[in-house]
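The structure appears below as structure tokens.
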Amino acid sequence: MDVRDIVPKRWAHWDLDSAIGGFERDLNRIFRELRHGFEGGRHLAEFNPKVNVTENEKAISVTAELPGLDEKDVKVTLNDYGLSIRGEKKWEKEEKNNDQHLIERSYGEFSRVIALPKEVDREKIQANFKKGVLTVVIPKSEKAQASAKEIPVKGE
């Protein structure tokens with residue numbers, strides 16, 4: 001049995017080698033951050049934005065909470081694997097005369113990839129950033145909209 005035999009059909013267009021390469025890069029980044037994050041007693045806080053994905057018959061909508069970021073800190077791309085949201089939340093330390101006893105700010109690089117069906121209208125994608133919330137609307141292609149069919153559910 002090949003790994004491709006267990007991959008869902010909608011992901012069949014994925015290149016397994018590229019997906020594994022991306023996973024390897026992510027793991028290397030995590031270990032690099034862990035190694036450097038604890039130097040000098042300093043802990044690198046994790047920033048992992050919350051993402052909502054909704055869908056209707058015409059579009060897929062992705063909303064990401066990115067508090068403390070500006071649109072210039074965020075990069076959104078669409079490739080064969082899905083929608084990629086990447087960015088960096090930077091640490092800004094305030095120096096005061098008083099000792100700081102607790103700091104609960106998250107910072108660091110983040111990357112989220114949301115798998116999408118292949119039938120999206122790549123030319124009409126829109127991204128909007130307002131008050132720390134990124135919203136990306138990905139219209140479905142006409143073919144995808146036409147192929148949707150509601151299946152009636154019967155009770156026993």
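In the structure tokens, chains take letters A, B, ... by order of appearance, with residues numbered from 1 within each chain and ligands from 1 in the order shown.
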
Quiz item: Leaving out segment 122-133 of chain A and any residue of its chain fewer than 4 positions from it, which residues lie within 6 Å of it when counting only C-alpha atoms, given as a PyMOL selection string?
Solution: chain A and resi 64-67+137-138

Quiz item: Within 7 Å of segment 83-85 of chain A, counting only C-alpha atoms, which residues qualify if same-chain residues fewer than 6 places away don't, as a ChimeraX atom specification?
Solution: /A:75-77,111-116

Please produce a file of the residues just selected, as a tab-separated table (two decimals), in the first residue's frame, where the atoms kept are C-alpha atoms.
```
chain	number	residue	atom	x	y	z
A	75	LYS	CA	1.67	37.48	4.18
A	76	VAL	CA	-1.20	35.57	2.54
A	77	THR	CA	-0.55	33.19	-0.37
A	111	SER	CA	2.32	29.97	9.90
A	112	ARG	CA	-1.07	28.43	9.24
A	113	VAL	CA	-2.06	26.48	6.12
A	114	ILE	CA	-5.71	25.78	5.41
A	115	ALA	CA	-6.43	23.02	2.91
A	116	LEU	CA	-8.84	24.11	0.19
```

Quiz prompt | For Gly87 of chain A: contacts at 9 Å, only C-alpha atoms, fewer than 4 positions along chain excluded, given as a ChimeraX atom specification | solution = /A:69,72-76,108-111

Can you write just those residues out, N, CA and C atoms, as a short mmCIF file (atom, residue, chain, number, x, y, z; two decimals), in the first residue's frame?
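Contents of selection_14.cif, freshly written:
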```cif
data_model
loop_
_atom_site.label_atom_id
_atom_site.label_comp_id
_atom_site.auth_asym_id
_atom_site.auth_seq_id
_atom_site.Cartn_x
_atom_site.Cartn_y
_atom_site.Cartn_z
N LEU A 69 -0.96 43.04 15.38
CA LEU A 69 -0.26 43.05 14.10
C LEU A 69 -0.88 44.07 13.17
N LYS A 72 1.02 44.92 7.23
CA LYS A 72 2.39 44.75 6.70
C LYS A 72 3.12 43.57 7.36
N ASP A 73 2.63 43.09 8.51
CA ASP A 73 3.25 41.97 9.22
C ASP A 73 2.73 40.62 8.75
N VAL A 74 1.77 40.62 7.83
CA VAL A 74 1.09 39.39 7.43
C VAL A 74 1.28 39.14 5.94
N LYS A 75 1.54 37.87 5.59
CA LYS A 75 1.67 37.48 4.18
C LYS A 75 0.66 36.36 3.92
N VAL A 76 -0.19 36.55 2.91
CA VAL A 76 -1.20 35.57 2.54
C VAL A 76 -0.89 35.09 1.13
N GLY A 108 6.45 36.00 18.14
CA GLY A 108 7.17 35.02 17.35
C GLY A 108 6.55 34.89 15.96
N GLU A 109 7.19 34.03 15.16
CA GLU A 109 6.68 33.77 13.81
C GLU A 109 5.52 32.78 13.89
N PHE A 110 4.62 32.90 12.94
CA PHE A 110 3.53 31.93 12.87
C PHE A 110 3.27 31.58 11.42
N SER A 111 2.68 30.43 11.23
CA SER A 111 2.32 29.97 9.90
C SER A 111 1.13 29.03 10.03
#
```

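For the choices A:Lys89, A:Val136, A:Ser147, A:Ala59, the atom-to-atom distance to Asp121 of chain A is smallest for A:Ala59 when using only C-alpha atoms.
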
Quiz item: Distance atom CA of Asn56 of chain A-atom CA of Tyr81 of chain A, one decimal place?
Solution: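 Atom CA of Tyr81 of chain A lies 20.7 Å from atom CA of Asn56 of chain A.
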
Practice problem: Taking the chain letters and numbering used in this document, name the residues of segment 47-97 of chain A that DSSP puts in strand (DSSP E or B), as an MDAnalysis selection string. | Solution: chainID A and resid 51:55 59:65 74:79 82:89

Preceding selection exported with N, CA and C atoms as an mmCIF file, in the first residue's frame:
```
data_model
loop_
_atom_site.group_PDB
_atom_site.id
_atom_site.type_symbol
_atom_site.label_atom_id
_atom_site.label_comp_id
_atom_site.auth_asym_id
_atom_site.auth_seq_id
_atom_site.Cartn_x
_atom_site.Cartn_y
_atom_site.Cartn_z
ATOM 1 N N VAL A 51 -7.996 30.551 14.031
ATOM 2 C CA VAL A 51 -8.519 30.660 12.673
ATOM 3 C C VAL A 51 -9.896 30.015 12.606
ATOM 4 N N ASN A 52 -10.834 30.689 11.959
ATOM 5 C CA ASN A 52 -12.158 30.128 11.674
ATOM 6 C C ASN A 52 -12.302 29.971 10.176
ATOM 7 N N VAL A 53 -12.867 28.844 9.745
ATOM 8 C CA VAL A 53 -13.122 28.602 8.329
ATOM 9 C C VAL A 53 -14.605 28.294 8.183
ATOM 10 N N THR A 54 -15.277 29.072 7.341
ATOM 11 C CA THR A 54 -16.696 28.831 7.071
ATOM 12 C C THR A 54 -16.884 28.683 5.565
ATOM 13 N N GLU A 55 -17.984 28.057 5.194
ATOM 14 C CA GLU A 55 -18.232 27.795 3.777
ATOM 15 C C GLU A 55 -19.724 27.905 3.501
ATOM 16 N N ALA A 59 -18.704 30.543 -1.554
ATOM 17 C CA ALA A 59 -17.340 30.903 -1.149
ATOM 18 C C ALA A 59 -16.921 30.216 0.144
ATOM 19 N N ILE A 60 -15.623 30.256 0.358
ATOM 20 C CA ILE A 60 -15.018 29.819 1.609
ATOM 21 C C ILE A 60 -14.442 31.068 2.250
ATOM 22 N N SER A 61 -14.686 31.246 3.540
ATOM 23 C CA SER A 61 -14.200 32.418 4.245
ATOM 24 C C SER A 61 -13.278 31.977 5.379
ATOM 25 N N VAL A 62 -12.102 32.584 5.436
ATOM 26 C CA VAL A 62 -11.130 32.286 6.482
ATOM 27 C C VAL A 62 -10.913 33.556 7.281
ATOM 28 N N THR A 63 -11.077 33.456 8.600
ATOM 29 C CA THR A 63 -10.888 34.588 9.485
ATOM 30 C C THR A 63 -9.821 34.227 10.507
ATOM 31 N N ALA A 64 -8.815 35.074 10.651
ATOM 32 C CA ALA A 64 -7.727 34.826 11.603
ATOM 33 C C ALA A 64 -7.612 36.002 12.564
ATOM 34 N N GLU A 65 -7.533 35.697 13.851
ATOM 35 C CA GLU A 65 -7.339 36.725 14.868
ATOM 36 C C GLU A 65 -5.848 37.009 14.995
ATOM 37 N N VAL A 74 1.767 40.619 7.830
ATOM 38 C CA VAL A 74 1.087 39.389 7.431
ATOM 39 C C VAL A 74 1.279 39.135 5.939
ATOM 40 N N LYS A 75 1.536 37.874 5.589
ATOM 41 C CA LYS A 75 1.666 37.484 4.182
ATOM 42 C C LYS A 75 0.658 36.360 3.917
ATOM 43 N N VAL A 76 -0.189 36.553 2.909
ATOM 44 C CA VAL A 76 -1.205 35.566 2.544
ATOM 45 C C VAL A 76 -0.894 35.085 1.132
ATOM 46 N N THR A 77 -0.799 33.760 0.954
ATOM 47 C CA THR A 77 -0.546 33.192 -0.368
ATOM 48 C C THR A 77 -1.470 32.003 -0.592
ATOM 49 N N LEU A 78 -1.724 31.741 -1.855
ATOM 50 C CA LEU A 78 -2.515 30.580 -2.248
ATOM 51 C C LEU A 78 -1.652 29.749 -3.180
ATOM 52 N N ASN A 79 -1.508 28.466 -2.850
ATOM 53 C CA ASN A 79 -0.763 27.575 -3.726
ATOM 54 C C ASN A 79 -1.545 26.267 -3.866
ATOM 55 N N GLY A 82 -3.024 24.894 -0.473
ATOM 56 C CA GLY A 82 -4.075 25.602 0.240
ATOM 57 C C GLY A 82 -3.713 27.055 0.460
ATOM 58 N N LEU A 83 -4.403 27.657 1.399
ATOM 59 C CA LEU A 83 -4.198 29.057 1.747
ATOM 60 C C LEU A 83 -3.183 29.117 2.877
ATOM 61 N N SER A 84 -2.138 29.899 2.693
ATOM 62 C CA SER A 84 -1.085 30.033 3.691
ATOM 63 C C SER A 84 -1.138 31.430 4.295
ATOM 64 N N ILE A 85 -1.151 31.488 5.625
ATOM 65 C CA ILE A 85 -1.112 32.757 6.349
ATOM 66 C C ILE A 85 0.147 32.722 7.209
ATOM 67 N N ARG A 86 1.057 33.651 6.955
ATOM 68 C CA ARG A 86 2.321 33.698 7.683
ATOM 69 C C ARG A 86 2.564 35.117 8.180
ATOM 70 N N GLY A 87 3.344 35.205 9.219
ATOM 71 C CA GLY A 87 3.688 36.521 9.710
ATOM 72 C C GLY A 87 4.550 36.449 10.939
ATOM 73 N N GLU A 88 4.755 37.601 11.543
ATOM 74 C CA GLU A 88 5.570 37.655 12.742
ATOM 75 C C GLU A 88 5.013 38.711 13.679
ATOM 76 N N LYS A 89 4.852 38.311 14.920
ATOM 77 C CA LYS A 89 4.470 39.250 15.968
ATOM 78 C C LYS A 89 5.739 39.539 16.746
#
```

Quiz prompt | Computed interatomic separation between atom CA of Pro152 of chain A and atom CA of Lys58 of chain A (Å) | solution =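 Answer for the atom CA of Pro152 of chain A to atom CA of Lys58 of chain A separation: 20.2 Å.
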
Self-check item: Two-atom distance - atom CA of Asn48 of chain A, atom CA of Ile30 of chain A (Å)
Solution: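 About the pair atom CA of Asn48 of chain A and atom CA of Ile30 of chain A: they are 12.4 Å apart.
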
Practice problem: Write out as a list in words which residues come within 10 Å of Glu142 of chain A when counting only C-alpha atoms, dropping same-chain ones fewer than 2 positions away. | Solution: Lys58, Glu119, Val120, Asp121, Pro139, Lys140, Ala144, Gln145, Ala146 and Ser147 of chain A

Selection from above, C-alpha atoms, as a PDB file, in the first residue's frame, can you write it?
```
ATOM      1  CA  LYS A  58     -20.508  30.429  -3.214  1.00  0.00           C
ATOM      2  CA  GLU A 119     -12.070  24.333  -7.497  1.00  0.00           C
ATOM      3  CA  VAL A 120     -11.687  27.919  -6.281  1.00  0.00           C
ATOM      4  CA  ASP A 121     -11.652  31.104  -8.342  1.00  0.00           C
ATOM      5  CA  PRO A 139     -14.934  32.344  -4.112  1.00  0.00           C
ATOM      6  CA  LYS A 140     -15.687  28.872  -5.438  1.00  0.00           C
ATOM      7  CA  ALA A 144     -17.674  23.803  -7.881  1.00  0.00           C
ATOM      8  CA  GLN A 145     -20.883  25.758  -7.290  1.00  0.00           C
ATOM      9  CA  ALA A 146     -22.735  23.758  -9.959  1.00  0.00           C
ATOM     10  CA  SER A 147     -21.525  20.410  -8.622  1.00  0.00           C
TER      11      SER A 147
END
```
